[in-house]
Amino acid sequence: HRKCYICFDSDITHKFQVRRAELRITVELMNRGAQVFAIRLPNEENGEKNGLDDYLVKHGRDEFIALIKKSEEVSE
């Protein structure tokens, strides 16, 4: 019954395969009793996608923590 945060690349909204991967891992974690939260990375202003490493380098720890605080629990 632990909190679990998942964070996929910002193109999750455009790529079905990425969204499906998120759903599959979410279901697995929930089946194991986890409380799952999805962190949504934004694209850059120029439209460039972000991965977690890209986001941390460009925006830093504090902005990422703000995204964690805004994350929403995933429900079935």
# chains A, B, ... in the order shown; residues from 1 in each chain; ligands from 1
>>> residues_around(residues="Cys7 in chain A", least_positions_apart="6", cutoff="8 Å", atoms="only C-alpha atoms", output="JSON, numbers by chain")
{"A": [38, 39, 40, 41, 52]}
>>> residues_around(residues="Glu22 in chain A", least_positions_apart="4", cutoff="9 Å", atoms="only C-alpha atoms", output="NGL selection string")
:A and (6-8 or 12 or 17-18 or 26-27 or 38)
>>> write_last_selection(atoms="all heavy atoms", output="PDB file, in the first residue's frame")
ATOM      1  N   ILE A   6       4.790   7.344 -11.379  1.00  0.00           N
ATOM      2  CA  ILE A   6       5.311   6.958 -12.682  1.00  0.00           C
ATOM      3  C   ILE A   6       5.386   8.204 -13.555  1.00  0.00           C
ATOM      4  O   ILE A   6       4.561   9.107 -13.453  1.00  0.00           O
ATOM      5  CB  ILE A   6       4.480   5.843 -13.353  1.00  0.00           C
ATOM      6  CG1 ILE A   6       3.015   6.236 -13.467  1.00  0.00           C
ATOM      7  CG2 ILE A   6       4.600   4.540 -12.583  1.00  0.00           C
ATOM      8  CD1 ILE A   6       2.173   5.222 -14.205  1.00  0.00           C
ATOM      9  N   CYS A   7       6.403   8.231 -14.404  1.00  0.00           N
ATOM     10  CA  CYS A   7       6.640   9.422 -15.211  1.00  0.00           C
ATOM     11  C   CYS A   7       7.149   8.988 -16.590  1.00  0.00           C
ATOM     12  O   CYS A   7       8.291   8.550 -16.717  1.00  0.00           O
ATOM     13  CB  CYS A   7       7.657  10.310 -14.507  1.00  0.00           C
ATOM     14  SG  CYS A   7       7.985  11.850 -15.355  1.00  0.00           S
ATOM     15  N   PHE A   8       6.297   9.113 -17.580  1.00  0.00           N
ATOM     16  CA  PHE A   8       6.680   8.795 -18.956  1.00  0.00           C
ATOM     17  C   PHE A   8       6.998  10.079 -19.704  1.00  0.00           C
ATOM     18  O   PHE A   8       6.698  11.187 -19.234  1.00  0.00           O
ATOM     19  CB  PHE A   8       5.539   8.043 -19.651  1.00  0.00           C
ATOM     20  CG  PHE A   8       5.493   6.575 -19.317  1.00  0.00           C
ATOM     21  CD1 PHE A   8       4.974   6.129 -18.110  1.00  0.00           C
ATOM     22  CD2 PHE A   8       5.976   5.636 -20.212  1.00  0.00           C
ATOM     23  CE1 PHE A   8       4.936   4.782 -17.801  1.00  0.00           C
ATOM     24  CE2 PHE A   8       5.941   4.283 -19.910  1.00  0.00           C
ATOM     25  CZ  PHE A   8       5.416   3.860 -18.701  1.00  0.00           C
ATOM     26  N   ILE A  12       3.414  11.172 -24.317  1.00  0.00           N
ATOM     27  CA  ILE A  12       2.433  10.146 -23.965  1.00  0.00           C
ATOM     28  C   ILE A  12       1.049  10.500 -24.510  1.00  0.00           C
ATOM     29  O   ILE A  12       0.267   9.621 -24.843  1.00  0.00           O
ATOM     30  CB  ILE A  12       2.385   9.906 -22.444  1.00  0.00           C
ATOM     31  CG1 ILE A  12       1.557   8.653 -22.122  1.00  0.00           C
ATOM     32  CG2 ILE A  12       1.849  11.125 -21.712  1.00  0.00           C
ATOM     33  CD1 ILE A  12       1.691   8.192 -20.698  1.00  0.00           C
ATOM     34  N   GLN A  17       1.190   3.755 -28.046  1.00  0.00           N
ATOM     35  CA  GLN A  17       2.009   2.707 -27.435  1.00  0.00           C
ATOM     36  C   GLN A  17       2.545   3.130 -26.061  1.00  0.00           C
ATOM     37  O   GLN A  17       2.638   2.318 -25.145  1.00  0.00           O
ATOM     38  CB  GLN A  17       3.204   2.322 -28.322  1.00  0.00           C
ATOM     39  CG  GLN A  17       2.826   1.769 -29.666  1.00  0.00           C
ATOM     40  CD  GLN A  17       2.913   2.833 -30.746  1.00  0.00           C
ATOM     41  OE1 GLN A  17       2.727   4.010 -30.494  1.00  0.00           O
ATOM     42  NE2 GLN A  17       3.193   2.412 -31.967  1.00  0.00           N
ATOM     43  N   VAL A  18       2.882   4.391 -25.925  1.00  0.00           N
ATOM     44  CA  VAL A  18       3.400   4.896 -24.657  1.00  0.00           C
ATOM     45  C   VAL A  18       2.277   4.921 -23.623  1.00  0.00           C
ATOM     46  O   VAL A  18       2.453   4.505 -22.480  1.00  0.00           O
ATOM     47  CB  VAL A  18       4.031   6.300 -24.829  1.00  0.00           C
ATOM     48  CG1 VAL A  18       4.535   6.838 -23.500  1.00  0.00           C
ATOM     49  CG2 VAL A  18       5.156   6.262 -25.854  1.00  0.00           C
ATOM     50  N   THR A  26       0.618   0.553 -14.649  1.00  0.00           N
ATOM     51  CA  THR A  26      -0.287   1.035 -13.610  1.00  0.00           C
ATOM     52  C   THR A  26      -1.151  -0.100 -13.071  1.00  0.00           C
ATOM     53  O   THR A  26      -1.280  -0.266 -11.854  1.00  0.00           O
ATOM     54  CB  THR A  26      -1.187   2.161 -14.160  1.00  0.00           C
ATOM     55  OG1 THR A  26      -0.355   3.270 -14.532  1.00  0.00           O
ATOM     56  CG2 THR A  26      -2.201   2.623 -13.131  1.00  0.00           C
ATOM     57  N   VAL A  27      -1.728  -0.887 -13.974  1.00  0.00           N
ATOM     58  CA  VAL A  27      -2.564  -2.018 -13.555  1.00  0.00           C
ATOM     59  C   VAL A  27      -1.746  -3.006 -12.728  1.00  0.00           C
ATOM     60  O   VAL A  27      -2.199  -3.478 -11.677  1.00  0.00           O
ATOM     61  CB  VAL A  27      -3.220  -2.700 -14.775  1.00  0.00           C
ATOM     62  CG1 VAL A  27      -3.846  -4.032 -14.393  1.00  0.00           C
ATOM     63  CG2 VAL A  27      -4.248  -1.780 -15.400  1.00  0.00           C
ATOM     64  N   ALA A  38       0.383   9.526 -11.545  1.00  0.00           N
ATOM     65  CA  ALA A  38       1.014   9.794 -12.842  1.00  0.00           C
ATOM     66  C   ALA A  38       1.525  11.230 -12.878  1.00  0.00           C
ATOM     67  O   ALA A  38       0.758  12.168 -12.678  1.00  0.00           O
ATOM     68  CB  ALA A  38       0.025   9.565 -13.972  1.00  0.00           C
TER      69      ALA A  38
END
>>> residues_around(residues="Leu29 in chain A", least_positions_apart="2", cutoff="12 Å", atoms="only C-alpha atoms", output="list in words")
His1, Arg2, Lys3, Cys4, Tyr5, Ile6, Glu22, Leu23, Arg24, Ile25, Thr26, Val27, Asn31, Arg32, Gly33, Ala34, Gln35, Val36, Phe37, Val74, Ser75 and Glu76 of chain A
>>> write_last_selection(atoms="C-alpha atoms", output="PDB file, in the first residue's frame")
ATOM      1  CA  HIS A   1       0.000   0.000   0.000  1.00  0.00           C
ATOM      2  CA  ARG A   2       2.767   2.381  -0.938  1.00  0.00           C
ATOM      3  CA  LYS A   3       2.580   5.442  -3.117  1.00  0.00           C
ATOM      4  CA  CYS A   4       4.179   4.894  -6.495  1.00  0.00           C
ATOM      5  CA  TYR A   5       4.920   7.673  -8.978  1.00  0.00           C
ATOM      6  CA  ILE A   6       5.311   6.958 -12.682  1.00  0.00           C
ATOM      7  CA  GLU A  22       1.664   3.398 -18.781  1.00  0.00           C
ATOM      8  CA  LEU A  23      -1.696   1.679 -18.359  1.00  0.00           C
ATOM      9  CA  ARG A  24      -0.111  -1.772 -18.215  1.00  0.00           C
ATOM     10  CA  ILE A  25       2.392  -0.853 -15.531  1.00  0.00           C
ATOM     11  CA  THR A  26      -0.287   1.035 -13.610  1.00  0.00           C
ATOM     12  CA  VAL A  27      -2.564  -2.018 -13.555  1.00  0.00           C
ATOM     13  CA  ASN A  31      -2.788  -5.286  -8.501  1.00  0.00           C
ATOM     14  CA  ARG A  32       0.162  -5.403  -6.118  1.00  0.00           C
ATOM     15  CA  GLY A  33      -1.518  -2.895  -3.827  1.00  0.00           C
ATOM     16  CA  ALA A  34       0.224   0.324  -4.853  1.00  0.00           C
ATOM     17  CA  GLN A  35      -1.399   3.731  -4.884  1.00  0.00           C
ATOM     18  CA  VAL A  36      -0.280   4.975  -8.328  1.00  0.00           C
ATOM     19  CA  PHE A  37       0.234   8.615  -9.299  1.00  0.00           C
ATOM     20  CA  VAL A  74      -4.623   6.962 -11.281  1.00  0.00           C
ATOM     21  CA  SER A  75      -7.862   5.060 -10.798  1.00  0.00           C
ATOM     22  CA  GLU A  76      -9.221   2.139 -12.753  1.00  0.00           C
TER      23      GLU A  76
END
>>> select_by_dssp(residues="range 7-75 of chain A", states="strand (DSSP E or B)", output="VMD selection string")
chain A and resid 7 to 8 35 to 40 72 to 73
>>> select_by_dssp(residues="range 6-74 of chain A", states="alpha helix (DSSP H)", output="PyMOL selection string")
chain A and resi 16-31+52-70
>>> closest_residue(among="A:Asp62, A:Glu73, A:Asp54, A:Glu28", to="Pro42 in chain A", atoms="only C-alpha atoms")
A:Asp54
>>> atom_distance(atom1="CA of Lys69 in chain A", atom2="CA of Arg20 in chain A")
23.8 Å
>>> decode(residues="range 54-70 of chain A", atoms="all heavy atoms", output="PDB file, in the first residue's frame")
ATOM      1  N   ASP A  54      15.662  14.954 -19.587  1.00  0.00           N
ATOM      2  CA  ASP A  54      15.657  16.249 -20.279  1.00  0.00           C
ATOM      3  C   ASP A  54      15.032  17.332 -19.390  1.00  0.00           C
ATOM      4  O   ASP A  54      15.557  18.438 -19.272  1.00  0.00           O
ATOM      5  CB  ASP A  54      14.834  16.180 -21.573  1.00  0.00           C
ATOM      6  CG  ASP A  54      15.315  15.109 -22.520  1.00  0.00           C
ATOM      7  OD1 ASP A  54      16.540  14.980 -22.699  1.00  0.00           O
ATOM      8  OD2 ASP A  54      14.458  14.383 -23.066  1.00  0.00           O
ATOM      9  N   TYR A  55      13.905  16.994 -18.796  1.00  0.00           N
ATOM     10  CA  TYR A  55      13.179  17.957 -17.965  1.00  0.00           C
ATOM     11  C   TYR A  55      14.027  18.396 -16.773  1.00  0.00           C
ATOM     12  O   TYR A  55      14.105  19.586 -16.467  1.00  0.00           O
ATOM     13  CB  TYR A  55      11.846  17.370 -17.495  1.00  0.00           C
ATOM     14  CG  TYR A  55      10.984  18.406 -16.830  1.00  0.00           C
ATOM     15  CD1 TYR A  55      10.174  19.255 -17.588  1.00  0.00           C
ATOM     16  CD2 TYR A  55      10.996  18.580 -15.455  1.00  0.00           C
ATOM     17  CE1 TYR A  55       9.403  20.228 -16.982  1.00  0.00           C
ATOM     18  CE2 TYR A  55      10.228  19.540 -14.842  1.00  0.00           C
ATOM     19  CZ  TYR A  55       9.431  20.367 -15.612  1.00  0.00           C
ATOM     20  OH  TYR A  55       8.664  21.343 -15.013  1.00  0.00           O
ATOM     21  N   LEU A  56      14.664  17.448 -16.106  1.00  0.00           N
ATOM     22  CA  LEU A  56      15.480  17.797 -14.942  1.00  0.00           C
ATOM     23  C   LEU A  56      16.652  18.695 -15.315  1.00  0.00           C
ATOM     24  O   LEU A  56      16.971  19.648 -14.592  1.00  0.00           O
ATOM     25  CB  LEU A  56      15.987  16.528 -14.252  1.00  0.00           C
ATOM     26  CG  LEU A  56      14.935  15.769 -13.448  1.00  0.00           C
ATOM     27  CD1 LEU A  56      15.468  14.404 -13.034  1.00  0.00           C
ATOM     28  CD2 LEU A  56      14.510  16.559 -12.225  1.00  0.00           C
ATOM     29  N   VAL A  57      17.290  18.420 -16.447  1.00  0.00           N
ATOM     30  CA  VAL A  57      18.416  19.254 -16.884  1.00  0.00           C
ATOM     31  C   VAL A  57      17.944  20.668 -17.218  1.00  0.00           C
ATOM     32  O   VAL A  57      18.564  21.657 -16.838  1.00  0.00           O
ATOM     33  CB  VAL A  57      19.137  18.616 -18.094  1.00  0.00           C
ATOM     34  CG1 VAL A  57      20.109  19.582 -18.731  1.00  0.00           C
ATOM     35  CG2 VAL A  57      19.854  17.340 -17.669  1.00  0.00           C
ATOM     36  N   LYS A  58      16.815  20.780 -17.925  1.00  0.00           N
ATOM     37  CA  LYS A  58      16.333  22.091 -18.376  1.00  0.00           C
ATOM     38  C   LYS A  58      15.646  22.902 -17.281  1.00  0.00           C
ATOM     39  O   LYS A  58      15.711  24.127 -17.293  1.00  0.00           O
ATOM     40  CB  LYS A  58      15.357  21.908 -19.536  1.00  0.00           C
ATOM     41  CG  LYS A  58      15.998  21.366 -20.785  1.00  0.00           C
ATOM     42  CD  LYS A  58      14.945  21.084 -21.847  1.00  0.00           C
ATOM     43  CE  LYS A  58      15.554  20.337 -23.011  1.00  0.00           C
ATOM     44  NZ  LYS A  58      14.529  19.870 -23.950  1.00  0.00           N
ATOM     45  N   HIS A  59      14.953  22.228 -16.364  1.00  0.00           N
ATOM     46  CA  HIS A  59      14.096  22.949 -15.419  1.00  0.00           C
ATOM     47  C   HIS A  59      14.470  22.776 -13.957  1.00  0.00           C
ATOM     48  O   HIS A  59      14.023  23.545 -13.116  1.00  0.00           O
ATOM     49  CB  HIS A  59      12.637  22.526 -15.624  1.00  0.00           C
ATOM     50  CG  HIS A  59      12.155  22.813 -16.997  1.00  0.00           C
ATOM     51  ND1 HIS A  59      11.757  24.067 -17.406  1.00  0.00           N
ATOM     52  CD2 HIS A  59      12.043  22.018 -18.088  1.00  0.00           C
ATOM     53  CE1 HIS A  59      11.405  24.023 -18.676  1.00  0.00           C
ATOM     54  NE2 HIS A  59      11.579  22.794 -19.115  1.00  0.00           N
ATOM     55  N   GLY A  60      15.245  21.762 -13.654  1.00  0.00           N
ATOM     56  CA  GLY A  60      15.735  21.588 -12.290  1.00  0.00           C
ATOM     57  C   GLY A  60      14.810  20.822 -11.360  1.00  0.00           C
ATOM     58  O   GLY A  60      13.654  20.528 -11.676  1.00  0.00           O
ATOM     59  N   ARG A  61      15.374  20.537 -10.216  1.00  0.00           N
ATOM     60  CA  ARG A  61      14.718  19.710  -9.199  1.00  0.00           C
ATOM     61  C   ARG A  61      13.431  20.340  -8.666  1.00  0.00           C
ATOM     62  O   ARG A  61      12.415  19.671  -8.498  1.00  0.00           O
ATOM     63  CB  ARG A  61      15.714  19.489  -8.060  1.00  0.00           C
ATOM     64  CG  ARG A  61      15.188  18.715  -6.903  1.00  0.00           C
ATOM     65  CD  ARG A  61      16.275  18.612  -5.819  1.00  0.00           C
ATOM     66  NE  ARG A  61      15.827  17.817  -4.714  1.00  0.00           N
ATOM     67  CZ  ARG A  61      15.259  18.320  -3.615  1.00  0.00           C
ATOM     68  NH1 ARG A  61      15.079  19.622  -3.501  1.00  0.00           N
ATOM     69  NH2 ARG A  61      14.876  17.520  -2.648  1.00  0.00           N
ATOM     70  N   ASP A  62      13.470  21.634  -8.358  1.00  0.00           N
ATOM     71  CA  ASP A  62      12.312  22.283  -7.745  1.00  0.00           C
ATOM     72  C   ASP A  62      11.080  22.256  -8.650  1.00  0.00           C
ATOM     73  O   ASP A  62       9.967  22.024  -8.177  1.00  0.00           O
ATOM     74  CB  ASP A  62      12.637  23.725  -7.353  1.00  0.00           C
ATOM     75  CG  ASP A  62      13.642  23.788  -6.205  1.00  0.00           C
ATOM     76  OD1 ASP A  62      13.766  22.789  -5.462  1.00  0.00           O
ATOM     77  OD2 ASP A  62      14.307  24.830  -6.058  1.00  0.00           O
ATOM     78  N   GLU A  63      11.276  22.490  -9.940  1.00  0.00           N
ATOM     79  CA  GLU A  63      10.134  22.434 -10.859  1.00  0.00           C
ATOM     80  C   GLU A  63       9.607  21.009 -10.995  1.00  0.00           C
ATOM     81  O   GLU A  63       8.408  20.796 -11.142  1.00  0.00           O
ATOM     82  CB  GLU A  63      10.501  23.022 -12.224  1.00  0.00           C
ATOM     83  CG  GLU A  63      10.573  24.539 -12.174  1.00  0.00           C
ATOM     84  CD  GLU A  63      10.519  25.170 -13.547  1.00  0.00           C
ATOM     85  OE1 GLU A  63       9.785  24.666 -14.423  1.00  0.00           O
ATOM     86  OE2 GLU A  63      11.221  26.173 -13.732  1.00  0.00           O
ATOM     87  N   PHE A  64      10.504  20.029 -10.941  1.00  0.00           N
ATOM     88  CA  PHE A  64      10.039  18.645 -11.000  1.00  0.00           C
ATOM     89  C   PHE A  64       9.249  18.285  -9.740  1.00  0.00           C
ATOM     90  O   PHE A  64       8.207  17.634  -9.816  1.00  0.00           O
ATOM     91  CB  PHE A  64      11.198  17.674 -11.200  1.00  0.00           C
ATOM     92  CG  PHE A  64      10.744  16.252 -11.315  1.00  0.00           C
ATOM     93  CD1 PHE A  64       9.966  15.844 -12.399  1.00  0.00           C
ATOM     94  CD2 PHE A  64      11.049  15.326 -10.341  1.00  0.00           C
ATOM     95  CE1 PHE A  64       9.518  14.534 -12.506  1.00  0.00           C
ATOM     96  CE2 PHE A  64      10.611  14.009 -10.436  1.00  0.00           C
ATOM     97  CZ  PHE A  64       9.837  13.619 -11.518  1.00  0.00           C
ATOM     98  N   ILE A  65       9.703  18.734  -8.599  1.00  0.00           N
ATOM     99  CA  ILE A  65       8.954  18.491  -7.359  1.00  0.00           C
ATOM    100  C   ILE A  65       7.577  19.121  -7.436  1.00  0.00           C
ATOM    101  O   ILE A  65       6.587  18.546  -6.969  1.00  0.00           O
ATOM    102  CB  ILE A  65       9.762  18.992  -6.139  1.00  0.00           C
ATOM    103  CG1 ILE A  65      10.969  18.079  -5.917  1.00  0.00           C
ATOM    104  CG2 ILE A  65       8.890  19.049  -4.888  1.00  0.00           C
ATOM    105  CD1 ILE A  65      11.939  18.553  -4.865  1.00  0.00           C
ATOM    106  N   ALA A  66       7.473  20.281  -8.064  1.00  0.00           N
ATOM    107  CA  ALA A  66       6.162  20.915  -8.244  1.00  0.00           C
ATOM    108  C   ALA A  66       5.246  20.026  -9.096  1.00  0.00           C
ATOM    109  O   ALA A  66       4.041  19.924  -8.830  1.00  0.00           O
ATOM    110  CB  ALA A  66       6.320  22.294  -8.878  1.00  0.00           C
ATOM    111  N   LEU A  67       5.811  19.381 -10.126  1.00  0.00           N
ATOM    112  CA  LEU A  67       5.013  18.457 -10.942  1.00  0.00           C
ATOM    113  C   LEU A  67       4.564  17.244 -10.127  1.00  0.00           C
ATOM    114  O   LEU A  67       3.439  16.764 -10.289  1.00  0.00           O
ATOM    115  CB  LEU A  67       5.817  17.980 -12.157  1.00  0.00           C
ATOM    116  CG  LEU A  67       6.075  18.977 -13.264  1.00  0.00           C
ATOM    117  CD1 LEU A  67       6.891  18.310 -14.377  1.00  0.00           C
ATOM    118  CD2 LEU A  67       4.788  19.535 -13.817  1.00  0.00           C
ATOM    119  N   ILE A  68       5.434  16.761  -9.262  1.00  0.00           N
ATOM    120  CA  ILE A  68       5.065  15.633  -8.408  1.00  0.00           C
ATOM    121  C   ILE A  68       3.881  16.019  -7.536  1.00  0.00           C
ATOM    122  O   ILE A  68       2.918  15.261  -7.398  1.00  0.00           O
ATOM    123  CB  ILE A  68       6.263  15.188  -7.527  1.00  0.00           C
ATOM    124  CG1 ILE A  68       7.362  14.597  -8.397  1.00  0.00           C
ATOM    125  CG2 ILE A  68       5.813  14.183  -6.471  1.00  0.00           C
ATOM    126  CD1 ILE A  68       8.660  14.323  -7.651  1.00  0.00           C
ATOM    127  N   LYS A  69       3.925  17.205  -6.970  1.00  0.00           N
ATOM    128  CA  LYS A  69       2.842  17.666  -6.095  1.00  0.00           C
ATOM    129  C   LYS A  69       1.527  17.827  -6.851  1.00  0.00           C
ATOM    130  O   LYS A  69       0.457  17.700  -6.259  1.00  0.00           O
ATOM    131  CB  LYS A  69       3.237  18.974  -5.416  1.00  0.00           C
ATOM    132  CG  LYS A  69       4.340  18.777  -4.384  1.00  0.00           C
ATOM    133  CD  LYS A  69       4.740  20.076  -3.736  1.00  0.00           C
ATOM    134  CE  LYS A  69       5.854  19.839  -2.723  1.00  0.00           C
ATOM    135  NZ  LYS A  69       6.301  21.089  -2.103  1.00  0.00           N
ATOM    136  N   LYS A  70       1.602  18.101  -8.157  1.00  0.00           N
ATOM    137  CA  LYS A  70       0.384  18.247  -8.973  1.00  0.00           C
ATOM    138  C   LYS A  70      -0.103  16.921  -9.552  1.00  0.00           C
ATOM    139  O   LYS A  70      -1.171  16.867 -10.151  1.00  0.00           O
ATOM    140  CB  LYS A  70       0.622  19.223 -10.128  1.00  0.00           C
ATOM    141  CG  LYS A  70       0.812  20.649  -9.694  1.00  0.00           C
ATOM    142  CD  LYS A  70       0.772  21.653 -10.822  1.00  0.00           C
ATOM    143  CE  LYS A  70       1.628  21.307 -12.000  1.00  0.00           C
ATOM    144  NZ  LYS A  70       1.713  22.377 -13.004  1.00  0.00           N
TER     145      LYS A  70
END
